[in-house]
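Coordinates as given in target.tsv (TSV, C-alpha atoms):
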```tsv
chain	number	residue	atom	x	y	z
A	1	MET	CA	453.23	199.35	50.27
A	2	VAL	CA	450.63	196.68	49.56
A	3	HIS	CA	450.69	194.19	52.40
A	4	GLN	CA	451.15	190.52	51.66
A	5	HIS	CA	448.06	188.43	52.17
A	6	SER	CA	446.95	184.93	51.46
A	7	SER	CA	445.55	184.35	47.99
A	8	GLN	CA	443.43	181.55	49.43
A	9	VAL	CA	440.68	183.95	50.55
A	10	ARG	CA	437.90	183.45	48.00
A	11	LEU	CA	434.22	184.09	47.68
A	12	SER	CA	432.40	180.90	46.90
A	13	PRO	CA	430.77	180.69	43.45
A	14	SER	CA	427.35	180.47	45.06
A	15	SER	CA	427.87	183.83	46.75
A	16	TYR	CA	427.84	185.53	43.29
A	17	GLU	CA	424.88	183.65	41.81
A	18	GLY	CA	422.21	186.12	40.77
A	19	HIS	CA	424.19	189.03	42.22
A	20	ALA	CA	426.15	190.41	39.25
A	21	GLU	CA	424.99	193.96	39.99
A	22	ASP	CA	426.02	193.63	43.65
A	23	THR	CA	429.44	192.39	42.56
A	24	ALA	CA	429.90	195.37	40.22
A	25	MET	CA	428.92	197.80	42.98
A	26	LEU	CA	431.39	196.10	45.33
A	27	LEU	CA	434.30	196.25	42.92
A	28	ALA	CA	433.72	199.49	41.04
A	29	PRO	CA	435.17	201.99	43.58
A	30	ARG	CA	438.49	200.10	43.63
A	31	LEU	CA	439.03	199.69	39.89
A	32	ALA	CA	440.66	203.08	39.30
A	33	TYR	CA	443.00	202.43	42.25
A	34	PHE	CA	443.93	199.06	40.76
A	35	ALA	CA	444.62	200.61	37.32
A	36	GLY	CA	446.79	203.31	38.90
A	37	VAL	CA	448.94	200.84	40.84
A	38	ALA	CA	449.22	198.61	37.76
A	39	ARG	CA	450.35	201.56	35.66
A	40	HIS	CA	453.14	202.57	38.09
A	41	GLU	CA	453.90	199.15	39.57
A	42	HIS	CA	454.55	201.13	42.73
A	43	VAL	CA	452.00	201.98	45.40
A	44	THR	CA	453.69	205.15	46.63
A	45	ARG	CA	453.98	206.71	43.17
A	46	ALA	CA	450.39	205.70	42.33
A	47	ALA	CA	449.13	207.26	45.58
A	48	GLN	CA	450.96	210.49	44.83
A	49	GLU	CA	449.53	210.68	41.31
A	50	MET	CA	445.97	210.02	42.46
A	51	GLY	CA	446.20	212.26	45.52
A	52	VAL	CA	445.17	209.61	48.05
A	53	PRO	CA	446.99	208.34	51.13
A	54	GLN	CA	449.20	205.34	50.48
A	55	SER	CA	447.45	203.43	53.25
A	56	THR	CA	444.07	203.99	51.61
A	57	LEU	CA	445.38	202.71	48.30
A	58	SER	CA	447.01	199.66	49.88
A	59	ARG	CA	443.83	198.71	51.74
A	60	ALA	CA	441.75	199.14	48.59
A	61	ILE	CA	443.97	196.77	46.61
A	62	VAL	CA	443.97	194.18	49.40
A	63	ARG	CA	440.16	194.35	49.64
A	64	LEU	CA	439.85	194.04	45.85
A	65	GLU	CA	441.96	190.89	45.82
A	66	GLN	CA	439.99	189.49	48.74
A	67	ASP	CA	436.68	190.19	47.02
A	68	LEU	CA	437.87	188.57	43.80
A	69	GLY	CA	439.62	185.72	45.59
A	70	VAL	CA	442.60	186.16	43.24
A	71	ALA	CA	446.08	187.66	43.70
A	72	LEU	CA	446.43	190.53	41.21
A	73	PHE	CA	449.94	191.60	42.20
A	74	ALA	CA	453.16	189.84	43.15
A	75	ARG	CA	455.02	191.81	45.85
A	76	LYS	CA	458.74	192.29	46.05
A	77	GLY	CA	459.93	194.92	48.46
A	78	ARG	CA	458.24	198.20	47.63
A	79	THR	CA	457.47	197.27	44.06
A	80	VAL	CA	454.59	195.24	42.73
A	81	THR	CA	454.11	193.44	39.43
A	82	LEU	CA	450.96	192.12	37.87
A	83	THR	CA	450.25	188.43	38.07
A	84	PRO	CA	448.84	186.72	34.95
A	85	ALA	CA	445.38	187.11	36.50
A	86	GLY	CA	446.15	190.78	37.15
A	87	ARG	CA	447.12	191.38	33.52
A	88	THR	CA	443.90	189.76	32.31
A	89	PHE	CA	441.88	191.80	34.79
A	90	LEU	CA	443.66	195.04	33.82
A	91	THR	CA	442.65	194.72	30.17
A	92	SER	CA	438.98	194.66	31.08
A	93	VAL	CA	439.32	197.30	33.78
A	94	GLU	CA	440.99	199.77	31.40
A	95	ARG	CA	438.25	199.16	28.85
A	96	ALA	CA	435.55	199.68	31.49
A	97	LEU	CA	437.13	202.87	32.84
A	98	ALA	CA	437.48	204.25	29.30
A	99	GLU	CA	433.79	203.53	28.68
A	100	VAL	CA	432.83	205.32	31.90
A	101	GLU	CA	434.91	208.33	30.83
A	102	ARG	CA	433.23	208.35	27.42
A	103	ALA	CA	429.82	208.20	29.11
A	104	ALA	CA	430.77	211.08	31.40
A	105	GLU	CA	431.91	213.17	28.43
A	106	SER	CA	428.67	212.38	26.62
A	107	VAL	CA	426.39	213.48	29.46
A	108	ARG	CA	428.49	216.60	30.02
A	109	ALA	CA	428.17	217.43	26.32
A	110	ASP	CA	424.41	216.84	26.37
A	111	ALA	CA	424.04	219.23	29.31
A	112	ASP	CA	426.15	221.99	27.76
A	113	PRO	CA	424.04	225.21	27.84
A	114	THR	CA	425.04	226.28	24.34
A	115	ALA	CA	425.60	222.98	22.52
A	116	GLY	CA	423.67	220.39	24.52
A	117	ARG	CA	420.94	218.00	23.45
A	118	VAL	CA	417.15	217.93	23.74
A	119	ALA	CA	415.19	214.69	23.28
A	120	PHE	CA	411.86	215.88	21.89
A	121	GLY	CA	408.82	213.87	20.84
A	122	PHE	CA	405.88	215.02	18.76
A	123	LEU	CA	402.79	213.76	16.98
A	124	HIS	CA	402.88	212.67	13.35
A	125	THR	CA	400.50	215.51	12.48
A	126	MET	CA	402.96	218.04	13.92
A	127	GLY	CA	405.83	216.86	11.73
A	128	SER	CA	405.31	218.60	8.40
A	129	GLU	CA	405.12	222.23	9.51
A	130	THR	CA	404.72	222.82	13.23
A	131	VAL	CA	407.83	221.14	14.64
A	132	PRO	CA	410.22	222.20	11.84
A	133	GLY	CA	408.99	225.78	12.33
A	134	LEU	CA	409.47	225.59	16.10
A	135	ILE	CA	412.99	224.21	15.85
A	136	ARG	CA	413.96	226.74	13.21
A	137	ALA	CA	412.73	229.61	15.40
A	138	PHE	CA	414.44	228.23	18.52
A	139	ARG	CA	417.76	227.65	16.77
A	140	ALA	CA	417.84	231.25	15.60
A	141	ASP	CA	418.97	232.07	19.17
A	142	HIS	CA	420.47	228.67	20.03
A	143	PRO	CA	422.20	227.55	16.83
A	144	ARG	CA	424.33	224.82	18.41
A	145	ILE	CA	421.65	223.03	20.43
A	146	ARG	CA	421.17	219.48	19.12
A	147	PHE	CA	417.88	217.58	18.93
A	148	THR	CA	417.01	213.92	19.13
A	149	LEU	CA	413.55	213.79	17.56
A	150	VAL	CA	410.94	211.06	18.02
A	151	GLN	CA	407.73	211.10	15.98
A	152	ASN	CA	405.03	208.87	17.41
A	153	TYR	CA	401.50	208.71	18.78
A	154	GLY	CA	400.68	210.17	22.17
A	155	GLU	CA	400.65	207.10	24.43
A	156	ALA	CA	403.96	205.84	23.05
A	157	MET	CA	405.59	209.20	23.70
A	158	ILE	CA	404.26	209.31	27.26
A	159	GLU	CA	405.88	205.94	27.90
A	160	ARG	CA	409.16	207.28	26.52
A	161	LEU	CA	408.90	210.24	28.86
A	162	ARG	CA	408.47	207.86	31.77
A	163	SER	CA	411.43	205.72	30.69
A	164	GLY	CA	413.67	208.77	30.39
A	165	GLU	CA	414.11	208.52	26.61
A	166	LEU	CA	412.39	211.89	26.05
A	167	ASP	CA	412.75	215.21	27.84
A	168	LEU	CA	409.60	216.79	26.41
A	169	CYS	CA	406.78	215.84	24.07
A	170	LEU	CA	404.20	217.75	22.08
A	171	THR	CA	400.97	215.78	22.22
A	172	SER	CA	397.18	215.74	22.14
A	173	PRO	CA	395.01	215.36	24.13
A	174	VAL	CA	396.93	217.13	26.87
A	175	PRO	CA	397.71	214.31	29.35
A	176	ASP	CA	396.40	214.32	32.89
A	177	ALA	CA	398.53	211.98	35.01
A	178	PRO	CA	400.01	212.39	38.50
A	179	ASP	CA	403.55	211.69	37.34
A	180	LEU	CA	403.47	214.21	34.49
A	181	VAL	CA	403.40	217.97	34.15
A	182	ALA	CA	401.48	219.20	31.10
A	183	ARG	CA	400.71	222.66	29.77
A	184	ARG	CA	398.13	223.52	27.12
A	185	LEU	CA	399.74	225.47	24.27
A	186	ASP	CA	397.14	225.77	21.53
A	187	GLU	CA	393.96	224.47	19.99
A	188	GLN	CA	393.44	223.03	16.53
A	189	ARG	CA	390.05	222.81	14.84
A	190	LEU	CA	389.12	219.49	13.26
A	191	ARG	CA	387.23	219.14	10.01
A	192	LEU	CA	385.00	216.48	8.54
A	193	VAL	CA	386.79	215.38	5.38
A	194	VAL	CA	384.58	213.89	2.65
A	195	PRO	CA	385.21	212.84	-1.00
A	196	ASP	CA	384.67	215.66	-3.49
A	197	ASP	CA	381.76	213.75	-5.07
A	198	HIS	CA	380.08	213.03	-1.72
A	199	ARG	CA	376.49	214.03	-1.03
A	200	LEU	CA	377.76	216.52	1.57
A	201	ALA	CA	380.58	217.94	-0.56
A	202	GLY	CA	378.56	221.02	-1.54
A	203	ARG	CA	378.22	222.09	2.08
A	204	ARG	CA	380.60	224.37	4.00
A	205	ARG	CA	379.35	223.55	7.47
A	206	ILE	CA	377.87	220.44	9.00
A	207	ARG	CA	376.61	219.03	12.25
A	208	LEU	CA	378.50	215.83	12.99
A	209	ALA	CA	375.24	213.96	13.56
A	210	GLU	CA	374.55	214.33	9.83
A	211	ALA	CA	377.43	211.90	9.21
A	212	ALA	CA	376.12	209.22	11.58
A	213	ASP	CA	375.40	206.78	8.71
A	214	GLU	CA	378.77	207.23	7.06
A	215	ALA	CA	381.73	204.85	7.19
A	216	PHE	CA	384.71	206.43	8.95
A	217	VAL	CA	388.42	205.99	8.37
A	218	THR	CA	390.29	206.66	11.59
A	219	LEU	CA	393.60	206.30	13.33
A	220	GLU	CA	394.20	203.13	15.32
A	221	PRO	CA	393.14	202.83	18.98
A	222	GLY	CA	395.79	204.39	21.23
A	223	TYR	CA	396.16	207.48	19.07
A	224	GLY	CA	394.89	210.68	20.67
A	225	LEU	CA	393.01	211.74	17.54
A	226	ARG	CA	391.17	208.41	17.52
A	227	ARG	CA	390.03	208.98	21.08
A	228	ILE	CA	388.88	212.50	20.19
A	229	THR	CA	387.01	211.18	17.14
A	230	ASP	CA	385.18	208.56	19.23
A	231	ASP	CA	384.32	211.17	21.89
A	232	LEU	CA	382.96	213.68	19.37
A	233	CYS	CA	380.85	211.05	17.64
A	234	ALA	CA	379.49	209.98	21.04
A	235	GLN	CA	378.57	213.60	21.77
A	236	ALA	CA	376.78	213.68	18.40
A	237	GLY	CA	374.79	210.62	19.43
A	238	PHE	CA	376.37	207.77	17.47
A	239	THR	CA	379.24	205.29	17.39
A	240	PRO	CA	381.28	205.58	14.19
A	241	ARG	CA	381.24	202.64	11.81
A	242	VAL	CA	384.95	202.17	11.15
A	243	ALA	CA	385.99	201.03	7.67
A	244	PHE	CA	389.75	201.40	8.18
A	245	GLU	CA	392.22	202.11	10.99
A	246	GLY	CA	395.60	203.60	10.08
A	247	GLU	CA	398.66	205.35	11.47
A	248	GLU	CA	398.96	208.48	9.30
A	249	THR	CA	396.41	211.24	8.78
A	250	GLU	CA	397.50	211.81	5.19
A	251	THR	CA	396.87	208.13	4.47
A	252	LEU	CA	393.37	208.61	5.83
A	253	ARG	CA	392.87	211.70	3.67
A	254	GLY	CA	393.91	209.70	0.62
A	255	LEU	CA	391.46	206.93	1.49
A	256	VAL	CA	388.70	209.51	1.88
A	257	ALA	CA	389.53	210.76	-1.64
A	258	ALA	CA	389.24	207.15	-2.82
A	259	GLY	CA	385.72	206.96	-1.42
A	260	LEU	CA	386.40	204.55	1.44
A	261	GLY	CA	384.76	206.78	4.05
A	262	VAL	CA	384.87	210.13	5.84
A	263	ALA	CA	387.26	211.29	8.55
A	264	LEU	CA	387.70	213.87	11.31
A	265	LEU	CA	391.12	215.37	10.72
A	266	PRO	CA	393.22	218.47	11.45
A	267	PRO	CA	393.89	220.81	8.51
A	268	PRO	CA	396.46	219.50	6.01
A	269	ALA	CA	399.81	221.18	5.45
A	270	VAL	CA	398.98	221.28	1.73
A	271	ALA	CA	395.48	221.04	0.27
A	272	ARG	CA	394.82	217.59	-1.18
A	273	PRO	CA	392.76	217.12	-4.33
A	274	GLY	CA	389.79	214.79	-4.24
A	275	VAL	CA	388.44	215.83	-0.85
A	276	VAL	CA	386.33	218.60	0.65
A	277	GLU	CA	386.90	219.73	4.24
A	278	LEU	CA	383.82	220.82	6.16
A	279	THR	CA	383.60	222.93	9.31
A	280	VAL	CA	381.87	220.98	12.09
A	281	THR	CA	379.46	223.26	13.97
A	282	ALA	CA	378.22	220.78	16.59
A	283	PRO	CA	379.67	219.46	18.71
A	284	ARG	CA	382.62	221.82	18.74
A	285	ALA	CA	385.34	219.82	17.00
A	286	ALA	CA	388.81	220.75	18.19
A	287	ARG	CA	391.77	219.21	19.90
A	288	GLU	CA	394.05	220.75	22.51
A	289	ILE	CA	397.77	220.49	21.95
A	290	GLY	CA	400.19	220.71	24.84
A	291	VAL	CA	403.68	219.99	26.02
A	292	ALA	CA	404.37	217.38	28.71
A	293	TRP	CA	407.33	216.32	30.79
A	294	LEU	CA	408.02	214.00	33.71
A	295	ASP	CA	407.25	215.53	37.09
A	296	GLY	CA	410.38	215.95	39.18
A	297	HIS	CA	412.68	215.54	36.19
A	298	VAL	CA	415.71	217.82	36.52
A	299	ASP	CA	416.20	219.73	33.27
A	300	THR	CA	419.58	220.29	31.72
A	301	ALA	CA	420.23	223.85	30.55
A	302	PRO	CA	419.30	223.17	26.88
A	303	VAL	CA	416.08	221.37	27.87
A	304	ALA	CA	415.12	224.24	30.18
A	305	SER	CA	415.74	226.74	27.36
A	306	PHE	CA	413.60	224.81	24.88
A	307	LYS	CA	410.84	224.32	27.45
A	308	ARG	CA	410.71	228.08	28.09
A	309	PHE	CA	410.58	228.65	24.35
A	310	LEU	CA	407.63	226.26	23.90
A	311	LEU	CA	405.71	227.82	26.78
A	312	SER	CA	406.30	231.26	25.25
A	313	ARG	CA	404.42	230.05	22.13
A	314	ARG	CA	401.19	229.52	24.05
A	315	GLY	CA	398.29	230.56	21.81
A	316	HIS	CA	400.36	230.75	18.63
A	317	LEU	CA	402.05	227.38	18.44
A	318	LEU	CA	400.50	226.33	15.14
A	319	PRO	CA	401.30	227.91	11.78
A	320	ASP	CA	398.69	230.33	10.48
```
Give the structure from this file in structure tokens form.
Amino acid sequence: MVHQHSSQVRLSPSSYEGHAEDTAMLLAPRLAYFAGVARHEHVTRAAQEMGVPQSTLSRAIVRLEQDLGVALFARKGRTVTLTPAGRTFLTSVERALAEVERAAESVRADADPTAGRVAFGFLHTMGSETVPGLIRAFRADHPRIRFTLVQNYGEAMIERLRSGELDLCLTSPVPDAPDLVARRLDEQRLRLVVPDDHRLAGRRRIRLAEAADEAFVTLEPGYGLRRITDDLCAQAGFTPRVAFEGEETETLRGLVAAGLGVALLPPPAVARPGVVELTVTAPRAAREIGVAWLDGHVDTAPVASFKRFLLSRRGHLLPD
């Protein structure tokens, strides 16, 4: 039985100021007990249903009322009935408990070994062929695994790893940070892309230094390929004169075809008219592609399966 107590015991308003999270932590363990007693309007029956001692349940309800400073139940003998404040509180409590149950079901579903979810990020340049091919191959053995896919540039994906929004990301350059684990998977050669009427268009191979006087179209700062472009040009002895900074390599390829400049780019999924792609002989123009995840992150079963799959593709990640 819930013991009678004074409803005058209240926390002062100032005691809650700025402490909403503390209040939630204080009240949360007792909410299910409150909902159970409210459902039965009888402490003994509620205790039996929930499998807890009646004394534990009674103390929890008393403490809840003391913490709120409001009487939630009116007592009459062994039965209890909700006060108007109790009925108002119950509506919100039932909604909150239902939301917690939905959240629990969601995370259980995401962790399901055969039908769970993987949050996977990848570079824009991996989106046309590489990632669709990887997912298709993986789902041949794991047909019910679900993916949440994020296509972005490298630094943005790393931040999403750190925030917990992504489980894994496919990126370049391969990151080197103490809070991340990264594994090199493959290498992709870069080409100097020039307009088909350019003075160098008749060549098959070129030293990057021969393009020192050209205008370059590049990705924006923060993109891994932009950093690689700047580093390769520095190795060739010059700083590129940038005519345009964009977000998509195929946009850059189109601007090269329009004569706006030249670009260092990975091979296209489909050959584009209006440009010629030259092999760079010096310095060696390539980018490493790897997979990264947050160090110490505990993988769910589907994430662990997809991670093993990616690591098994080391050396043959990219389409031929």
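Proximity to A:Pro113 was assessed for A:Pro302, A:Pro267, A:Pro173, A:Gly69 counting only C-alpha atoms; the smallest distance is recorded for A:Pro302.
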Point to revise | Among listed residues A:Ser172, A:Pro132, A:Val80, A:Ala32, nearest A:Glu101 (using all atoms listed in the file) | key: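 Distance minimum relative to A:Glu101 lands on A:Ala32.
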Check your understanding: Quick one: distance from atom CA of A:Arg287 to atom CA of A:Ala137 in Å, one decimal?
Key -> 23.8 Å
Review point. When distances are computed from all atoms listed in the file, which of A:Ala96, A:Val118, A:Ala234, A:Leu82 shows the smallest separation from A:Ser305?
Key: A:Val118
Review point. Using all atoms listed in the file, can you list as JSON, numbers by chain the residues within 12 Å of (382.5, 223.6, -1.3)?
Key: {"A": [193, 194, 195, 196, 197, 198, 199, 200, 201, 202, 203, 204, 205, 206, 274, 275, 276, 277, 278, 279]}
Exercise for review: May I have the protein, DNA and RNA residues with any atom at most 7 Å from the point (376.7, 208.4, 11.7), counting only C-alpha atoms, written as a ChimeraX atom specification?
Suggested key: /A:209-214,238-240
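Put simply, atom CA of A:Gly261 is 25.8 Å away from atom CA of A:Glu155.
Across the structure, atom CA of A:Phe89 and atom CA of A:Ile61 are spaced 13.0 Å apart.
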Exercise for review: Fewer than 2 positions away in the same chain doesn't count, so skip those; otherwise give me all residues within 6 Å of A:Ala263, counting all atoms listed in the file, as an MDAnalysis selection string.
Suggested key: chainID A and resid 192:193 216:217
**Study point:** Contacts of A:Ala38 within 9 Å, only C-alpha atoms, excl. fewer than 2 positions in-chain, as a list in words
**Key:**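 Within the cut-off, the hits are Tyr33, Phe34, Ala35, Gly36, His40, Glu41, His42, Val43, Ala46, Phe73, Val80, Thr81, Leu82, Gly86, Arg87 and Leu90 of chain A.
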**Study point:** Minimum-distance residue to A:Ile158, chosen among A:Leu310, A:Val291, A:Leu134, A:Ala71 (using all atoms listed in the file)
**Key:** A:Val291
Practice item. Considering all atoms listed in the file, state which residue in the set A:Arg284, A:Gly222, A:Val174, A:Ala109 is at the smallest distance from A:Asn152. Key: A:Gly222
Exercise for review: Within 9 Å of A:Glu288, counting all atoms listed in the file, which residues show up once you throw out same-chain ones fewer than 2 positions away? Write them as a count of residues only, please.
Suggested key: 12
Can you sort out the box for stretch 211-223 of chain A, edges along x, y and z, all listed atoms in, 6 Å on every side, with centre and edge lengths in Å to one decimal, as AutoDock Vina command-line options?
```
--center_x 385.8 --center_y 207.4 --center_z 14.1 --size_x 32.8 --size_y 21.1 --size_z 26.2
```
Practice item. Identify, on the basis of all atoms listed in the file, every residue whose closest approach to A:Leu252 does not exceed 12 Å; exclude the query and any residue fewer than 3 positions from it along the same chain; express the result as number ranges by chain. Key: A: 125, 192-195, 216-220, 226, 242-249, 255-266, 268, 272, 275
Check your understanding: Which is closest to A:Gly224 among A:Arg139, A:Ala60, A:Leu123, A:Val303, if we use all atoms listed in the file?
Key ->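 Smallest distance to A:Gly224 is found for A:Leu123.
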